[in-house]
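Okay, structure first, notes after.
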Amino acid sequence: MKYLFCLIAMLSTGCATTNMPQKAKNAHALAQSGNFAEALELYAEYLCQKPNDLVIATSYVQTWHQLGTDTQSERLKACLLGTQTPLYMDALKDAAQQDYLTALAQLEQLKPSDEAEYNAELFYRQGLIAIQIENVHMAYALLKKAHTQNPKRIDILLAYSQSLLDTKNIQLAQKHLHTILKLSPSHAEIMLAAQIHNALIKSSHPALPEDIEQEVQKALRKIESEQLTREIVHHILNLTKSFPHAKVFLTAGLASLRYGLEQQGVALLKKAEEKNNFDPHPCHALAFYFEANKQLTESLSHYEKAFVRDPYNIDYARKVAEKAEEVGNLNLAVSALKNLHILSPQQDTHLFSLARIYRKQNNYISAQKFIEQAHKMAPKNIPIVIEWVTIALDAAQNSMLKAQDRKRAQKNARKALDALKAISPNHPAGKLFSEKLELLEQAT
């Protein structure tokens with residue numbers, strides 16, 4: 001747990017850069033690139049202008065610690081006279097030296113401000129230090145206060161979610177972890193949130209007796225290695241009567257399906273699904289079974305449940321997008337694809353699929369936006385360019401659009417067609433597209 005909070009503390013160096021003034025952003029960029037001395041000067045200049053900005057004071061101390069400097073500049077000391085900031089910075093310095101009790105005692109002397117961001121940073125740092133001294137309930141109380149002061153700071157949300165998990169408030173932890181995906185998280189923040197979420201899923205199960213847990217794990221290994229026997233199946237089925245636990249039902253369901261007892265297996269997996277509202281694995285197992293049996297609607301239903309329970313799982317999101325488009329539930333497909341784009345923003349395929357679905361919904365503005373993003377990522381991808389031409393031509397012919405929008409779509413079509421000719425001069429679709437576009441241009 002301490003290791004996890006060290007990661008959160010490291011992430012928090014850049015947590016508030018979005019709303020920083022330019023000078024502070026420049027200092028942050030310098031620190032990120034290892035130019036600590038220059039960064040320290042800029043942070044000091046900024047603190048002289050805004051001496052009560054604890055977020056920047058935190059960044060100053062972190063950079064100061066990286067540089068190994070022992071003293072602050074005399075100018076900065078003069079700028080900070082009459083504020084609480086020097087005591088705050090001394091506390092962080094002690095925390096960096098792992099003198100947590102002294103650091104916490106100093107922070108407790110500081111009075112909250114009228115400014116929410118000041119209070120959020122103060123309570124957040126106190127909460128992280130409380131974690132280091134393994135005072136879980138103090139950490140929870142402080143991080144809750146930090147979150148109340150600034151509910152959209154992702155580093156605070158991560159720490160608060162972990163503290164909720166530590167205090168067994170799984171439902172609220174899940175809510176906040178799912179909220180993070182709506183706040184434009186970085187890749188590092190997504191990875192850490194997914195790590196906490198996986199821990200949440202594991203901790204959502206009540207503990208089984210040690211010998212029963214071993215029996216369950218043994219049965220799962222036999223299923224995976226295809227060494228399942230009739231005796232193992234009967235044994236795990238008997239365990240469901242003595243221990244009606246979601247993990248036992250899941251294992252019994254998987255064993256039944258593997259042994260050919262399909263109706264029984266599905267019933268047991270549904271019990272596992274109902275027994276634990278946080279674990280996506282029974283939903284995934286059911287979705288996979290129904291997909292293999294060509295029951296698309298049932299398959300999508302369970303993939304969606306798995307996705308709702310674990311939106312950090314790329315495979316679930318991809319399956320939901322794929323199956324939802326197949327059955328015509330385009331809004332659900334869009335939701336899953338947007339989630340995929342957040343989790344894996346460098347994948348042009350997600351943008352391509354979003355563009356295609358928005359075209360099917362006659363939402364040409366959104367379709368054009370996403371296809372242009374996809375083309376920027378993969379300028380020589382022929383299917384993307386063909387979709388770009390198709391979107392533009394469809395928009396140019398749509399009578400529901402204003403004349404100026406149709407004219408703009410014609411220009412987009414010409415631009416896309418030129419891109420197609422540049423990468424594939426003799427593509428068979430090129431001639432057809434050219435003829436359609438010429439007819440449209442003649443008509444207008």
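Just so we're on the same page: first chain in the structure tokens is A, next is B, and so on; residues restart at 1 for each chain, and ligands are numbered from 1 in the order they show up.
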
Taking the DSSP assignment computed from this structure's backbone, write out as a PyMOL selection string all residues of range 28-190 of chain A that belong to alpha helix (DSSP H). chain A and resi 28-32+36-49+54-67+74-79+85-96+100-108+116-132+136-149+154-166+170-180+187-190

Polymer residues at most 7 Å from Thr251 in chain A, only C-alpha atoms, same-chain spacing of 3 or more positions, as a PDB file with C-alpha atoms, in the first residue's frame:
```
ATOM      1  CA  VAL A 216     -11.190 -23.539  -5.679  1.00  0.00           C
ATOM      2  CA  LEU A 220      -9.468 -23.574 -11.682  1.00  0.00           C
ATOM      3  CA  LYS A 247     -16.008 -17.548  -6.467  1.00  0.00           C
ATOM      4  CA  VAL A 248     -17.289 -21.060  -5.749  1.00  0.00           C
ATOM      5  CA  LEU A 254     -16.834 -22.989 -15.510  1.00  0.00           C
ATOM      6  CA  ALA A 255     -16.273 -26.624 -14.581  1.00  0.00           C
TER       7      ALA A 255
END
```

Spatial neighbours of range 389-391 of chain A, 8 Å, only C-alpha atoms, chain gap at least 4 places, as a compact mmCIF listing (two decimals) with N, CA and C atoms, in the first residue's frame:
```txt
# COMPACT_ATOMS: atom_id res chain seq x y z
N ARG A 356 -17.11 5.91 -38.32
CA ARG A 356 -18.03 5.08 -39.10
C ARG A 356 -19.42 5.04 -38.45
N ARG A 359 -21.26 8.28 -38.77
CA ARG A 359 -21.81 8.41 -40.13
C ARG A 359 -23.12 7.66 -40.25
N TYR A 364 -22.65 13.92 -39.11
CA TYR A 364 -21.48 14.09 -39.97
C TYR A 364 -20.40 14.97 -39.35
N ALA A 367 -18.53 12.62 -37.14
CA ALA A 367 -17.85 11.66 -38.01
C ALA A 367 -16.61 12.28 -38.64
N GLN A 368 -16.77 13.51 -39.15
CA GLN A 368 -15.64 14.21 -39.78
C GLN A 368 -14.52 14.46 -38.77
N VAL A 385 -8.93 6.52 -45.21
CA VAL A 385 -9.14 7.54 -46.24
C VAL A 385 -10.44 7.28 -47.00
N ALA A 395 -22.40 13.41 -46.54
CA ALA A 395 -22.80 14.71 -45.99
C ALA A 395 -23.17 15.67 -47.12
N ASN A 412 -14.36 18.80 -48.40
CA ASN A 412 -13.74 17.72 -47.64
C ASN A 412 -13.59 16.47 -48.50
N ALA A 413 -14.61 16.21 -49.32
CA ALA A 413 -14.57 15.04 -50.19
C ALA A 413 -13.41 15.16 -51.19
N ARG A 414 -13.23 16.37 -51.74
CA ARG A 414 -12.14 16.58 -52.69
C ARG A 414 -10.79 16.39 -51.99
N ALA A 416 -10.18 14.56 -49.34
CA ALA A 416 -10.01 13.14 -49.02
C ALA A 416 -9.68 12.34 -50.27
N LEU A 417 -10.32 12.70 -51.39
CA LEU A 417 -10.06 11.99 -52.64
C LEU A 417 -8.62 12.22 -53.10
N PHE A 433 -15.69 7.34 -56.74
CA PHE A 433 -15.78 8.52 -55.87
C PHE A 433 -15.66 9.80 -56.70
```

Note to self: Which residues are close to Ile371 in chain A, i.e. within 9 Å by only C-alpha atoms, leaving aside same-chain residues fewer than 2 positions away? Reply as a ChimeraX atom specification.
What the structure shows: /A:348,351-356,366-369,373-376,384-385,387-388,391

| request: Please provide as an MDAnalysis selection string all residues within 10 Å of Thr444 in chain A, with the sequence filter that same-chain residues fewer than 6 positions apart are discarded (counting only C-alpha atoms). | output: chainID A and resid 403 406:407 410

Nearest to Glu262 in chain A, restricted to only C-alpha atoms and choosing among A:Tyr289, A:Pro151, A:Glu134, A:Arg75, comes out as A:Tyr289

I'd like the contact shell of Gly253 in chain A - 7 Å cut-off, only C-alpha atoms, skipping same-chain residues fewer than 3 positions apart - returned as an mmCIF file with C-alpha atoms, in the first residue's frame.
```cif
data_model
loop_
_atom_site.group_PDB
_atom_site.id
_atom_site.type_symbol
_atom_site.label_atom_id
_atom_site.label_comp_id
_atom_site.auth_asym_id
_atom_site.auth_seq_id
_atom_site.Cartn_x
_atom_site.Cartn_y
_atom_site.Cartn_z
ATOM 1 C CA PHE A 249 -20.275 -20.566 -8.072
ATOM 2 C CA LEU A 250 -17.989 -19.168 -10.773
ATOM 3 C CA SER A 256 -19.809 -27.549 -15.652
ATOM 4 C CA LEU A 257 -19.432 -25.817 -19.015
ATOM 5 C CA GLY A 265 -23.049 -24.162 -16.026
ATOM 6 C CA VAL A 266 -25.026 -21.125 -17.189
ATOM 7 C CA LEU A 268 -24.231 -21.377 -11.796
ATOM 8 C CA LEU A 269 -22.489 -18.507 -13.582
#
```

So that I can check the surroundings of range 331-336 of chain A, please list as a list in words every protein, DNA and RNA residue that reaches within 6 Å of it, counting only C-alpha atoms and ignoring chain neighbours fewer than 4 positions away. Ala317, Ala321, Ala324 and Glu325 of chain A

With C-alpha atoms retained, export the selected residues as a short mmCIF file (atom, residue, chain, number, x, y, z; two decimals), in the first residue's frame.
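This is the output file result32.cif:
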```
data_model
loop_
_atom_site.label_atom_id
_atom_site.label_comp_id
_atom_site.auth_asym_id
_atom_site.auth_seq_id
_atom_site.Cartn_x
_atom_site.Cartn_y
_atom_site.Cartn_z
CA ALA A 317 -14.85 -2.33 -24.04
CA ALA A 321 -18.29 -1.85 -29.18
CA ALA A 324 -23.30 -3.35 -30.03
CA GLU A 325 -22.60 -2.23 -33.60
#
```

Min atom-atom distance to Ile423 in chain A from the set A:Ser184, A:Gln442, A:Gln227, A:Asn381, counting only C-alpha atoms, belongs to A:Asn381
